[in-house]
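Q: Next comes entry.pdb, PDB, C-alpha atoms:
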ATOM      1  CA  MET A   1      37.686 136.360 207.629
ATOM      2  CA  ARG A   2      36.076 135.492 210.944
ATOM      3  CA  LEU A   3      35.152 131.970 211.996
ATOM      4  CA  ALA A   4      32.599 131.050 214.667
ATOM      5  CA  ILE A   5      33.682 127.775 216.269
ATOM      6  CA  ASP A   6      31.740 125.441 218.529
ATOM      7  CA  VAL A   7      34.657 124.151 220.589
ATOM      8  CA  MET A   8      32.422 122.078 222.884
ATOM      9  CA  GLY A   9      31.160 119.647 220.229
ATOM     10  CA  GLY A  10      32.499 116.245 219.278
ATOM     11  CA  ASP A  11      33.776 113.379 221.366
ATOM     12  CA  PHE A  12      36.734 115.262 222.891
ATOM     13  CA  GLY A  13      35.763 118.942 223.114
ATOM     14  CA  PRO A  14      38.208 121.744 224.075
ATOM     15  CA  PRO A  15      41.325 119.550 224.665
ATOM     16  CA  THR A  16      41.163 118.749 220.944
ATOM     17  CA  THR A  17      39.413 121.714 219.333
ATOM     18  CA  VAL A  18      41.202 124.597 221.069
ATOM     19  CA  PRO A  19      44.790 123.586 220.108
ATOM     20  CA  ALA A  20      43.581 123.096 216.524
ATOM     21  CA  VAL A  21      42.206 126.652 216.516
ATOM     22  CA  GLU A  22      45.497 128.040 217.780
ATOM     23  CA  GLN A  23      47.366 126.128 215.096
ATOM     24  CA  LEU A  24      45.103 127.648 212.447
ATOM     25  CA  LEU A  25      45.829 131.145 213.766
ATOM     26  CA  MET A  26      49.554 130.454 213.475
ATOM     27  CA  GLN A  27      49.102 129.261 209.887
ATOM     28  CA  ARG A  28      46.896 132.084 208.667
ATOM     29  CA  SER A  29      47.178 135.759 209.462
ATOM     30  CA  ASP A  30      43.906 136.550 207.670
ATOM     31  CA  VAL A  31      41.679 134.720 210.175
ATOM     32  CA  ASP A  32      40.006 135.830 213.408
ATOM     33  CA  VAL A  33      38.019 133.393 215.536
ATOM     34  CA  VAL A  34      35.127 133.530 217.976
ATOM     35  CA  LEU A  35      35.125 130.523 220.297
ATOM     36  CA  TYR A  36      31.818 129.433 221.807
ATOM     37  CA  GLY A  37      32.125 127.336 224.937
ATOM     38  CA  ASN A  38      32.751 127.151 228.666
ATOM     39  CA  ARG A  39      35.053 130.080 229.380
ATOM     40  CA  HIS A  40      36.887 128.464 232.298
ATOM     41  CA  GLU A  41      37.457 125.217 230.438
ATOM     42  CA  LEU A  42      38.695 127.003 227.316
ATOM     43  CA  ARG A  43      41.242 128.997 229.295
ATOM     44  CA  ARG A  44      42.819 125.768 230.549
ATOM     45  CA  HIS A  45      43.684 124.836 226.976
ATOM     46  CA  LEU A  46      44.569 128.241 225.511
ATOM     47  CA  SER A  47      48.215 129.175 225.328
ATOM     48  CA  ASP A  48      47.355 132.840 224.640
ATOM     49  CA  GLU A  49      43.831 133.834 225.608
ATOM     50  CA  ASN A  50      44.677 137.532 225.134
ATOM     51  CA  SER A  51      45.245 137.224 221.399
ATOM     52  CA  GLU A  52      43.656 140.128 219.535
ATOM     53  CA  ARG A  53      42.432 137.643 216.929
ATOM     54  CA  LEU A  54      40.553 135.445 219.396
ATOM     55  CA  THR A  55      37.302 136.130 221.233
ATOM     56  CA  ILE A  56      35.564 133.864 223.758
ATOM     57  CA  ARG A  57      31.783 133.799 224.065
ATOM     58  CA  THR A  58      30.196 131.858 226.906
ATOM     59  CA  ALA A  59      28.065 128.923 225.794
ATOM     60  CA  GLN A  60      27.121 125.463 226.949
ATOM     61  CA  ALA A  61      27.851 122.048 225.494
ATOM     62  CA  LEU A  62      24.904 120.584 223.608
ATOM     63  CA  ASP A  63      23.272 117.892 225.740
ATOM     64  CA  ALA A  64      22.164 114.590 224.230
ATOM     65  CA  ASP A  65      18.484 115.452 224.654
ATOM     66  CA  GLN A  66      19.004 118.673 222.687
ATOM     67  CA  CYS A  67      20.336 116.882 219.601
ATOM     68  CA  ASP A  68      17.019 115.295 218.680
ATOM     69  CA  GLY A  69      15.779 117.403 215.792
ATOM     70  CA  LYS A  70      13.920 120.522 216.835
ATOM     71  CA  ALA A  71      14.881 120.129 220.507
ATOM     72  CA  VAL A  72      17.865 122.366 219.781
ATOM     73  CA  LEU A  73      15.422 125.214 219.077
ATOM     74  CA  VAL A  74      13.681 124.746 222.419
ATOM     75  CA  ARG A  75      16.359 123.661 224.892
ATOM     76  CA  GLY A  76      19.590 124.265 223.011
ATOM     77  CA  ARG A  77      19.585 127.996 222.322
ATOM     78  CA  GLU A  78      22.359 128.578 224.858
ATOM     79  CA  SER A  79      24.532 125.866 223.327
ATOM     80  CA  ALA A  80      27.813 126.598 221.596
ATOM     81  CA  LEU A  81      26.490 124.969 218.415
ATOM     82  CA  PHE A  82      23.372 127.150 218.217
ATOM     83  CA  LYS A  83      25.227 130.355 219.059
ATOM     84  CA  ALA A  84      27.944 129.679 216.486
ATOM     85  CA  VAL A  85      25.343 129.254 213.728
ATOM     86  CA  ALA A  86      23.541 132.383 214.954
ATOM     87  CA  SER A  87      26.737 134.411 214.623
ATOM     88  CA  VAL A  88      26.818 133.594 210.895
ATOM     89  CA  ALA A  89      23.152 134.515 210.578
ATOM     90  CA  ASN A  90      23.643 137.926 212.183
ATOM     91  CA  GLY A  91      26.728 138.711 210.119
ATOM     92  CA  GLU A  92      29.244 138.550 212.956
ATOM     93  CA  ALA A  93      31.066 135.574 211.407
ATOM     94  CA  ASP A  94      31.685 134.346 207.867
ATOM     95  CA  ALA A  95      31.455 130.637 208.694
ATOM     96  CA  CYS A  96      30.562 128.230 211.482
ATOM     97  CA  ILE A  97      32.418 125.012 212.337
ATOM     98  CA  SER A  98      31.170 122.326 214.705
ATOM     99  CA  ALA A  99      31.855 118.674 215.490
ATOM    100  CA  GLY A 100      28.469 118.432 217.182
ATOM    101  CA  SER A 101      25.202 116.802 216.181
ATOM    102  CA  SER A 102      24.452 116.797 212.445
ATOM    103  CA  ALA A 103      20.713 116.845 213.180
ATOM    104  CA  ALA A 104      21.071 119.881 215.436
ATOM    105  CA  LEU A 105      23.179 121.692 212.817
ATOM    106  CA  VAL A 106      20.547 121.026 210.143
ATOM    107  CA  VAL A 107      17.712 122.360 212.287
ATOM    108  CA  ALA A 108      19.659 125.388 213.544
ATOM    109  CA  GLY A 109      20.893 126.136 210.041
ATOM    110  CA  LEU A 110      17.426 125.981 208.513
ATOM    111  CA  ARG A 111      15.919 128.170 211.249
ATOM    112  CA  LEU A 112      18.672 130.766 211.458
ATOM    113  CA  LEU A 113      20.178 130.841 207.946
ATOM    114  CA  GLY A 114      17.422 129.583 205.692
ATOM    115  CA  ARG A 115      17.823 127.860 202.341
ATOM    116  CA  MET A 116      19.231 128.874 199.000
ATOM    117  CA  PRO A 117      16.579 129.906 196.448
ATOM    118  CA  GLY A 118      14.870 126.856 194.946
ATOM    119  CA  ILE A 119      16.402 124.359 197.397
ATOM    120  CA  HIS A 120      14.134 122.407 199.730
ATOM    121  CA  ARG A 121      16.662 120.535 201.888
ATOM    122  CA  PRO A 122      20.362 121.100 202.618
ATOM    123  CA  ALA A 123      22.806 118.224 202.173
ATOM    124  CA  ILE A 124      26.085 117.398 203.862
ATOM    125  CA  CYS A 125      28.690 117.301 201.099
ATOM    126  CA  LYS A 126      32.280 116.135 201.177
ATOM    127  CA  GLN A 127      34.975 115.797 198.539
ATOM    128  CA  PHE A 128      37.347 112.867 198.812
ATOM    129  CA  GLY A 129      39.835 111.143 196.546
ATOM    130  CA  TYR A 130      43.504 111.046 195.717
ATOM    131  CA  GLU A 131      45.938 112.841 193.403
ATOM    132  CA  ASN A 132      43.820 114.423 190.647
ATOM    133  CA  ARG A 133      40.854 112.089 191.108
ATOM    134  CA  LYS A 134      38.165 113.615 193.305
ATOM    135  CA  THR A 135      34.500 112.928 193.978
ATOM    136  CA  TYR A 136      31.820 114.935 195.780
ATOM    137  CA  LEU A 137      29.467 112.714 197.774
ATOM    138  CA  LEU A 138      26.165 113.993 199.175
ATOM    139  CA  ASP A 139      24.065 113.647 201.284
ATOM    140  CA  LEU A 140      26.156 112.282 204.157
ATOM    141  CA  GLY A 141      23.602 112.453 206.926
ATOM    142  CA  ALA A 142      21.478 115.593 206.888
ATOM    143  CA  ASN A 143      18.447 113.743 205.489
ATOM    144  CA  ALA A 144      17.923 110.070 206.300
ATOM    145  CA  GLU A 145      15.156 109.912 203.699
ATOM    146  CA  CYS A 146      15.150 111.838 200.441
ATOM    147  CA  THR A 147      12.650 112.356 197.662
ATOM    148  CA  ALA A 148      13.591 112.284 193.989
ATOM    149  CA  ARG A 149      13.366 116.060 193.990
ATOM    150  CA  ASN A 150      15.844 116.281 196.866
ATOM    151  CA  LEU A 151      18.362 114.107 195.013
ATOM    152  CA  TYR A 152      17.889 116.175 191.870
ATOM    153  CA  GLU A 153      18.552 119.396 193.801
ATOM    154  CA  PHE A 154      21.638 117.868 195.448
ATOM    155  CA  ALA A 155      23.035 117.207 191.971
ATOM    156  CA  LEU A 156      22.353 120.804 190.895
ATOM    157  CA  LEU A 157      24.106 122.183 193.964
ATOM    158  CA  ALA A 158      27.134 119.935 193.632
ATOM    159  CA  ALA A 159      27.444 120.595 189.896
ATOM    160  CA  GLU A 160      27.543 124.332 190.528
ATOM    161  CA  LEU A 161      30.110 123.907 193.314
ATOM    162  CA  ALA A 162      32.265 121.668 191.101
ATOM    163  CA  PHE A 163      32.225 124.382 188.437
ATOM    164  CA  LEU A 164      33.064 127.220 190.826
ATOM    165  CA  ARG A 165      35.632 125.336 192.886
ATOM    166  CA  ASP A 166      37.213 122.976 190.358
ATOM    167  CA  GLY A 167      36.367 124.505 186.984
ATOM    168  CA  LEU A 168      34.332 121.453 185.890
ATOM    169  CA  ARG A 169      31.811 122.600 183.300
ATOM    170  CA  LYS A 170      30.341 119.151 182.699
ATOM    171  CA  ALA A 171      30.855 117.312 185.966
ATOM    172  CA  ARG A 172      30.031 113.606 185.682
ATOM    173  CA  ILE A 173      27.059 112.885 187.953
ATOM    174  CA  GLY A 174      25.774 109.557 189.233
ATOM    175  CA  ILE A 175      23.343 108.130 191.780
ATOM    176  CA  LEU A 176      24.511 105.639 194.397
ATOM    177  CA  SER A 177      22.529 102.438 193.969
ATOM    178  CA  ASN A 178      22.586  98.658 194.381
ATOM    179  CA  GLY A 179      23.420  98.075 190.734
ATOM    180  CA  ARG A 180      24.218  99.923 187.523
ATOM    181  CA  GLU A 181      21.229  98.661 185.544
ATOM    182  CA  ALA A 182      18.403 101.137 184.913
ATOM    183  CA  GLY A 183      15.908  99.031 186.851
ATOM    184  CA  LYS A 184      17.942  99.031 190.054
ATOM    185  CA  GLY A 185      17.436 101.306 193.029
ATOM    186  CA  ASN A 186      14.253 102.301 194.812
ATOM    187  CA  ARG A 187      11.373 104.421 193.621
ATOM    188  CA  HIS A 188      13.042 107.695 194.552
ATOM    189  CA  THR A 189      16.370 106.913 192.878
ATOM    190  CA  ARG A 190      14.611 105.809 189.682
ATOM    191  CA  GLN A 191      12.552 109.008 189.617
ATOM    192  CA  ALA A 192      15.644 111.096 190.334
ATOM    193  CA  ALA A 193      17.450 109.397 187.455
ATOM    194  CA  GLN A 194      14.642 110.446 185.124
ATOM    195  CA  LEU A 195      14.837 114.061 186.336
ATOM    196  CA  LEU A 196      18.610 114.192 185.934
ATOM    197  CA  ALA A 197      18.544 112.550 182.502
ATOM    198  CA  ARG A 198      16.059 115.175 181.260
ATOM    199  CA  CYS A 199      18.107 118.135 182.478
ATOM    200  CA  PRO A 200      20.135 119.402 179.477
ATOM    201  CA  GLY A 201      22.687 121.233 181.611
ATOM    202  CA  LEU A 202      23.794 118.148 183.542
ATOM    203  CA  ASN A 203      26.111 115.320 182.533
ATOM    204  CA  PHE A 204      24.192 112.432 184.118
ATOM    205  CA  CYS A 205      26.039 109.109 183.860
ATOM    206  CA  GLY A 206      23.565 106.784 185.574
ATOM    207  CA  TYR A 207      23.952 104.628 188.659
ATOM    208  CA  ILE A 208      27.145 103.726 190.484
ATOM    209  CA  GLU A 209      27.686 100.962 193.044
ATOM    210  CA  ALA A 210      29.429 101.426 196.372
ATOM    211  CA  ASP A 211      32.437  99.297 195.397
ATOM    212  CA  ALA A 212      33.294 101.782 192.645
ATOM    213  CA  LEU A 213      32.571 104.896 194.674
ATOM    214  CA  PHE A 214      36.082 105.487 195.974
ATOM    215  CA  ALA A 215      37.709 104.812 192.628
ATOM    216  CA  CYS A 216      36.447 108.324 191.775
ATOM    217  CA  GLU A 217      34.938 107.283 188.456
ATOM    218  CA  LEU A 218      32.500 110.195 188.730
ATOM    219  CA  ASP A 219      32.834 113.799 189.886
ATOM    220  CA  ILE A 220      29.570 113.829 191.858
ATOM    221  CA  VAL A 221      27.558 111.039 193.490
ATOM    222  CA  VAL A 222      24.187 111.766 195.103
ATOM    223  CA  CYS A 223      22.291 109.602 197.593
ATOM    224  CA  ASP A 224      20.078 109.874 200.645
ATOM    225  CA  GLY A 225      21.766 110.723 203.932
ATOM    226  CA  PHE A 226      21.193 107.267 205.400
ATOM    227  CA  SER A 227      23.035 105.484 202.582
ATOM    228  CA  GLY A 228      25.722 108.134 202.235
ATOM    229  CA  ASN A 229      26.577 108.176 205.918
ATOM    230  CA  ILE A 230      26.890 104.395 206.057
ATOM    231  CA  ALA A 231      28.971 104.267 202.862
ATOM    232  CA  LEU A 232      31.400 106.905 204.081
ATOM    233  CA  LYS A 233      31.816 105.563 207.606
ATOM    234  CA  SER A 234      32.227 102.015 206.328
ATOM    235  CA  ALA A 235      35.029 103.207 204.057
ATOM    236  CA  GLU A 236      36.646 105.193 206.885
ATOM    237  CA  GLY A 237      36.482 102.188 209.195
ATOM    238  CA  ALA A 238      38.000  99.907 206.565
ATOM    239  CA  ALA A 239      40.799 102.405 205.878
ATOM    240  CA  ASN A 240      41.620 102.757 209.578
ATOM    241  CA  MET A 241      41.629  98.990 210.064
ATOM    242  CA  LEU A 242      43.937  98.464 207.085
ATOM    243  CA  LEU A 243      46.350 101.218 208.094
ATOM    244  CA  SER A 244      46.480  99.993 211.702
ATOM    245  CA  SER A 245      47.120  96.415 210.577
ATOM    246  CA  LEU A 246      49.974  97.478 208.320
ATOM    247  CA  GLU A 247      51.736  99.384 211.110
ATOM    248  CA  GLY A 248      52.581  96.168 212.938
ATOM    249  CA  LEU A 249      53.879  94.433 209.821
ATOM    250  CA  LEU A 250      56.260  96.982 208.352
ATOM    251  CA  SER A 251      59.904  97.730 209.052
ATOM    252  CA  ASP A 252      61.044 101.208 210.096
ATOM    253  CA  ARG A 253      61.934 102.052 206.514
ATOM    254  CA  GLU A 254      58.601 100.830 205.224
ATOM    255  CA  ALA A 255      56.789 102.657 208.045
ATOM    256  CA  SER A 256      57.878 106.000 206.604
ATOM    257  CA  ALA A 257      56.167 105.057 203.375
ATOM    258  CA  LEU A 258      53.049 104.173 205.360
ATOM    259  CA  GLU A 259      53.043 107.647 206.887
ATOM    260  CA  ALA A 260      52.951 109.081 203.369
ATOM    261  CA  VAL A 261      49.991 106.848 202.585
ATOM    262  CA  LYS A 262      48.232 108.024 205.761
ATOM    263  CA  ARG A 263      48.700 111.645 204.755
ATOM    264  CA  GLN A 264      46.912 110.923 201.498
ATOM    265  CA  PHE A 265      44.275 108.354 202.439
ATOM    266  CA  GLY A 266      43.792 108.642 206.202
ATOM    267  CA  PRO A 267      40.177 109.657 206.987
ATOM    268  CA  GLY A 268      41.356 112.475 209.238
ATOM    269  CA  GLN A 269      43.163 114.105 206.317
ATOM    270  CA  HIS A 270      39.828 114.715 204.598
ATOM    271  CA  ASN A 271      37.812 115.842 207.616
ATOM    272  CA  GLY A 272      35.286 118.613 207.186
ATOM    273  CA  ALA A 273      32.047 118.451 205.220
ATOM    274  CA  PHE A 274      29.954 121.466 204.260
ATOM    275  CA  PHE A 275      26.204 121.960 204.257
ATOM    276  CA  LEU A 276      25.185 122.724 200.690
ATOM    277  CA  GLY A 277      21.847 124.479 200.322
ATOM    278  CA  LEU A 278      22.007 126.643 203.438
ATOM    279  CA  ASN A 279      22.241 130.403 203.097
ATOM    280  CA  GLY A 280      25.503 130.494 205.020
ATOM    281  CA  VAL A 281      28.766 128.586 205.372
ATOM    282  CA  VAL A 282      28.471 125.743 207.906
ATOM    283  CA  VAL A 283      31.179 123.075 208.111
ATOM    284  CA  LYS A 284      30.674 119.791 209.974
ATOM    285  CA  SER A 285      33.659 118.065 211.535
ATOM    286  CA  HIS A 286      33.550 114.369 212.334
ATOM    287  CA  GLY A 287      32.601 113.880 215.968
ATOM    288  CA  SER A 288      35.604 111.615 216.595
ATOM    289  CA  ALA A 289      38.105 113.976 214.964
ATOM    290  CA  ASP A 290      41.447 114.458 216.688
ATOM    291  CA  GLY A 291      43.245 117.806 216.681
ATOM    292  CA  GLY A 292      44.772 117.367 213.240
ATOM    293  CA  ALA A 293      41.466 116.327 211.728
ATOM    294  CA  PHE A 294      39.598 119.225 213.354
ATOM    295  CA  LEU A 295      42.210 121.567 211.897
ATOM    296  CA  LYS A 296      41.314 120.200 208.457
ATOM    297  CA  SER A 297      37.680 121.186 208.996
ATOM    298  CA  LEU A 298      38.765 124.713 209.948
ATOM    299  CA  GLN A 299      40.828 124.902 206.765
ATOM    300  CA  GLN A 300      37.821 123.728 204.739
ATOM    301  CA  ALA A 301      35.798 126.614 206.152
ATOM    302  CA  CYS A 302      38.558 129.074 205.241
ATOM    303  CA  ASP A 303      38.596 127.767 201.684
ATOM    304  CA  MET A 304      34.807 128.133 201.380
ATOM    305  CA  VAL A 305      34.889 131.719 202.636
ATOM    306  CA  ALA A 306      37.937 132.730 200.593
ATOM    307  CA  GLY A 307      36.436 131.255 197.423
ATOM    308  CA  ASP A 308      33.158 133.144 197.983
ATOM    309  CA  TRP A 309      31.352 130.306 196.214
ATOM    310  CA  LEU A 310      28.275 130.640 198.407
ATOM    311  CA  SER A 311      27.517 134.185 197.249
ATOM    312  CA  THR A 312      27.740 133.112 193.618
ATOM    313  CA  MET A 313      25.480 130.120 194.223
ATOM    314  CA  ASN A 314      22.950 132.247 196.093
ATOM    315  CA  ASN A 315      22.621 134.487 193.049
ATOM    316  CA  LYS A 316      21.620 131.505 190.915
ATOM    317  CA  PRO A 317      18.076 130.266 191.642
ATOM    318  CA  PHE A 318      17.942 126.485 191.411
ATOM    319  CA  ALA A 319      14.717 125.639 189.597
ATOM    320  CA  SER A 320      13.451 122.125 190.292
ATOM    321  CA  GLU A 321      11.027 120.166 188.189
TER
END
Would you kindly transcribe this structure into structure tokens?

A:
Amino acid sequence: MRLAIDVMGGDFGPPTTVPAVEQLLMQRSDVDVVLYGNRHELRRHLSDENSERLTIRTAQALDADQCDGKAVLVRGRESALFKAVASVANGEADACISAGSSAALVVAGLRLLGRMPGIHRPAICKQFGYENRKTYLLDLGANAECTARNLYEFALLAAELAFLRDGLRKARIGILSNGREAGKGNRHTRQAAQLLARCPGLNFCGYIEADALFACELDIVVCDGFSGNIALKSAEGAANMLLSSLEGLLSDREASALEAVKRQFGPGQHNGAFFLGLNGVVVKSHGSADGGAFLKSLQQACDMVAGDWLSTMNNKPFASE
């Protein structure tokens, strides 16, 4: 498989992204990469720029004024982010990975890749959890505002992915809300609940509150991108604060146990969210990801390509009410 990687995006850029790419190449012999970025800067961080499995394509970092919605289509066409998405669209790469602007990725993805049949808006989707308890949460920031129809389509997409990826034939689906009672939520969540409850192929379980979200009571939780992004980042911030506080309180022996906890619950261990609904594999890394976390996003992209779930989903039109 071939990955197109925007190595200029995120808070740290090539000093973080390039070593992660090289680590991936050491781990997997079935992967080639195309790096989009400043050629001179990339060479400073590459240990082997002559690798037959690595290609560099000149591109710019995405400026702040190019991240505002459709600005990426006007002023950001030479950016690493735009060119990486374009390489998936023209068939040169199987997947694109970027730690850059979510808004720019949405716009570039819609323009260059298009949408799956029957889907009106893509959603950023991420699976998190522990041991055998996992939950897909979407949308995480692609759409600040969502209609009932959008939420309904998000549930259809995630249910199909849960079946293809995890073998769940009747994934438990819920809507993130401010209470579990039927009258809670806003107009769009109440309308979405009605659509989901009427769909015979879905296992709709009603509303779920944020305090129960990370207990993984449900397999899929849908929400608008504004709420989902805040919920996820609040949880990540709380986890980081707790783990950092514990480091100063534990003995050396106990610290080794903490490292095991970090490997399971640390936000960086679950980095990498995919855009469901686009006609191509696009994986979003957290902008503040360190090298290990960016590597996780690269591995997520490999899993998506190897599983070939996108092709199967594209062959299934998603009819919305």

Q: Convert the output of the PyMOL selection byres ((chain A and resi 75-87) around 6) on the shown file into explicit residues, formatted as number ranges by chain.

A: A: 4, 6, 36-37, 59-62, 66, 71-74, 88-90, 92-93, 96

Q: Considering all atoms listed in the file, give me a table of residues in stretch 268-304 of chain A that are at most 12 Å from stretch 19-24 of chain A, with the closest atom pair and distance in Å for each, as JSON lines.

A:
{"residue": "A:Ala289", "atom": "CA", "partner": "A:Ala20", "partner_atom": "CA", "distance": 10.8}
{"residue": "A:Asp290", "atom": "CA", "partner": "A:Ala20", "partner_atom": "CA", "distance": 8.9}
{"residue": "A:Gly291", "atom": "CA", "partner": "A:Ala20", "partner_atom": "CA", "distance": 5.3}
{"residue": "A:Gly292", "atom": "CA", "partner": "A:Ala20", "partner_atom": "CA", "distance": 6.7}
{"residue": "A:Ala293", "atom": "CA", "partner": "A:Ala20", "partner_atom": "CA", "distance": 8.6}
{"residue": "A:Phe294", "atom": "CA", "partner": "A:Ala20", "partner_atom": "CA", "distance": 6.4}
{"residue": "A:Leu295", "atom": "CA", "partner": "A:Ala20", "partner_atom": "CA", "distance": 5.1}
{"residue": "A:Lys296", "atom": "CA", "partner": "A:Ala20", "partner_atom": "CA", "distance": 8.9}
{"residue": "A:Ser297", "atom": "CA", "partner": "A:Ala20", "partner_atom": "CA", "distance": 9.8}
{"residue": "A:Leu298", "atom": "CA", "partner": "A:Leu24", "partner_atom": "CA", "distance": 7.4}
{"residue": "A:Gln299", "atom": "CA", "partner": "A:Leu24", "partner_atom": "CA", "distance": 7.6}
{"residue": "A:Gln300", "atom": "CA", "partner": "A:Leu24", "partner_atom": "CA", "distance": 11.3}
{"residue": "A:Ala301", "atom": "CA", "partner": "A:Leu24", "partner_atom": "CA", "distance": 11.3}
{"residue": "A:Cys302", "atom": "CA", "partner": "A:Leu24", "partner_atom": "CA", "distance": 9.8}

Q: Expand the PyMOL selection byres ((chain A and resi 187-197) around 7) into the explicit residue set it covers here, and present it as an MDAnalysis selection string.

A: chainID A and resid 147:149 151:152 185:186 198:199 202 204 206

Q: Just to confirm, what's the straight-line distance from atom CA of A:Asn178 to atom CA of A:Glu217 in Å (one decimal)?

A: 16.2 Å

Q: In Å, with one decimal, what is the gap from atom CA of A:Asp11 to atom CA of A:Asn240?

A: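 Rounded to one decimal, the two atoms are 17.7 Å apart.
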
Q: Between A:Lys134, A:Lys70, A:Glu52, A:Val33, which one has atoms that come closest to A:Arg165, using all atoms listed in the file?

A: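 Among the listed residues, the smallest separation from A:Arg165 belongs to A:Lys134.
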
Q: Expand the PyMOL selection byres ((chain A and resi 145) around 8) into the explicit residue set it covers here, and present it as JSON, numbers by chain.

A: {"A": [143, 144, 146, 147, 224, 225, 226]}

Q: Counting all atoms listed in the file, find residues at most 12 Å from (35.8, 130.5, 198.6) (file frame) and give them as a PyMOL selection string.

A: chain A and resi 1+94-95+161+164-166+281+299-313

Q: Could you please determine the separation between atom CA of A:Ala104 and atom CA of A:Glu160 in Å, to one decimal place?

A: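 Separation of atom CA of A:Ala104 and atom CA of A:Glu160: 26.1 Å.
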
Q: Which of these residues is nearest to A:Asp63, using all atoms listed in the file: A:Ala108, A:Glu41, A:Gly10, A:Val34?

A: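 Once distances to A:Asp63 are computed over all atoms listed in the file, the minimum belongs to A:Gly10.
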
Q: Which of these, A:Leu105, A:Leu156, A:Leu46, A:Ala235, has the shortest distance to A:Pro200 once you count all atoms listed in the file?

A: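 Closest residue, counting all atoms listed in the file: A:Leu156.
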
Q: Compare A:Arg111, A:Arg39, A:Arg44, A:Arg57 by their minimum atom-to-atom distance to A:Leu278, counting all atoms listed in the file, and give me the closest one.

A: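 With all atoms listed in the file as the atom set, the closest residue is A:Arg111.
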
Q: Within 6 Å of A:Phe275, counting all atoms listed in the file, which residues qualify if same-chain residues fewer than 3 places away don't, as an NGL selection string?

A: :A and (123-124 or 282)

Q: Measuring between all atoms listed in the file, which one of A:Ile208, A:Val31, A:Ala171, A:Leu137 shows the shortest distance to A:Lys184?

A: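 Under the stated criterion, the closest residue is A:Ile208.
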
Q: Would you compute, for all listed atoms of stretch 273-277 of chain A, the axis-aligned bounding box grown by 6 Å on each side, and then report its centre and edge lengths in Å rounded to one decimal, as lines of an AutoDock Vina configuration file?

A:
center_x = 26.9
center_y = 121.5
center_z = 202.8
size_x = 22.2
size_y = 18.0
size_z = 16.9

Q: Quick one: residues within 9 Å of A:Ala210, all atoms listed in the file, excluding same-chain residues fewer than 6 positions away - as a list in words?

A: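 In the requested form, the answer reads Leu176, Ser177, Asn178, Gly179 and Ala231 of chain A.
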
Q: Save out the residues we just selected, C-alpha atoms, as a PDB file, in the coordinates of the input.

A:
ATOM      1  CA  LEU A 176      24.511 105.639 194.397  1.00  0.00           C
ATOM      2  CA  SER A 177      22.529 102.438 193.969  1.00  0.00           C
ATOM      3  CA  ASN A 178      22.586  98.658 194.381  1.00  0.00           C
ATOM      4  CA  GLY A 179      23.420  98.075 190.734  1.00  0.00           C
ATOM      5  CA  ALA A 231      28.971 104.267 202.862  1.00  0.00           C
TER       6      ALA A 231
END

Q: Closest to A:Gly277 among A:Leu42, A:Leu110, A:Met116, A:Ile5, using all atoms listed in the file?

A: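 Closest to A:Gly277 of all the choices is A:Met116.
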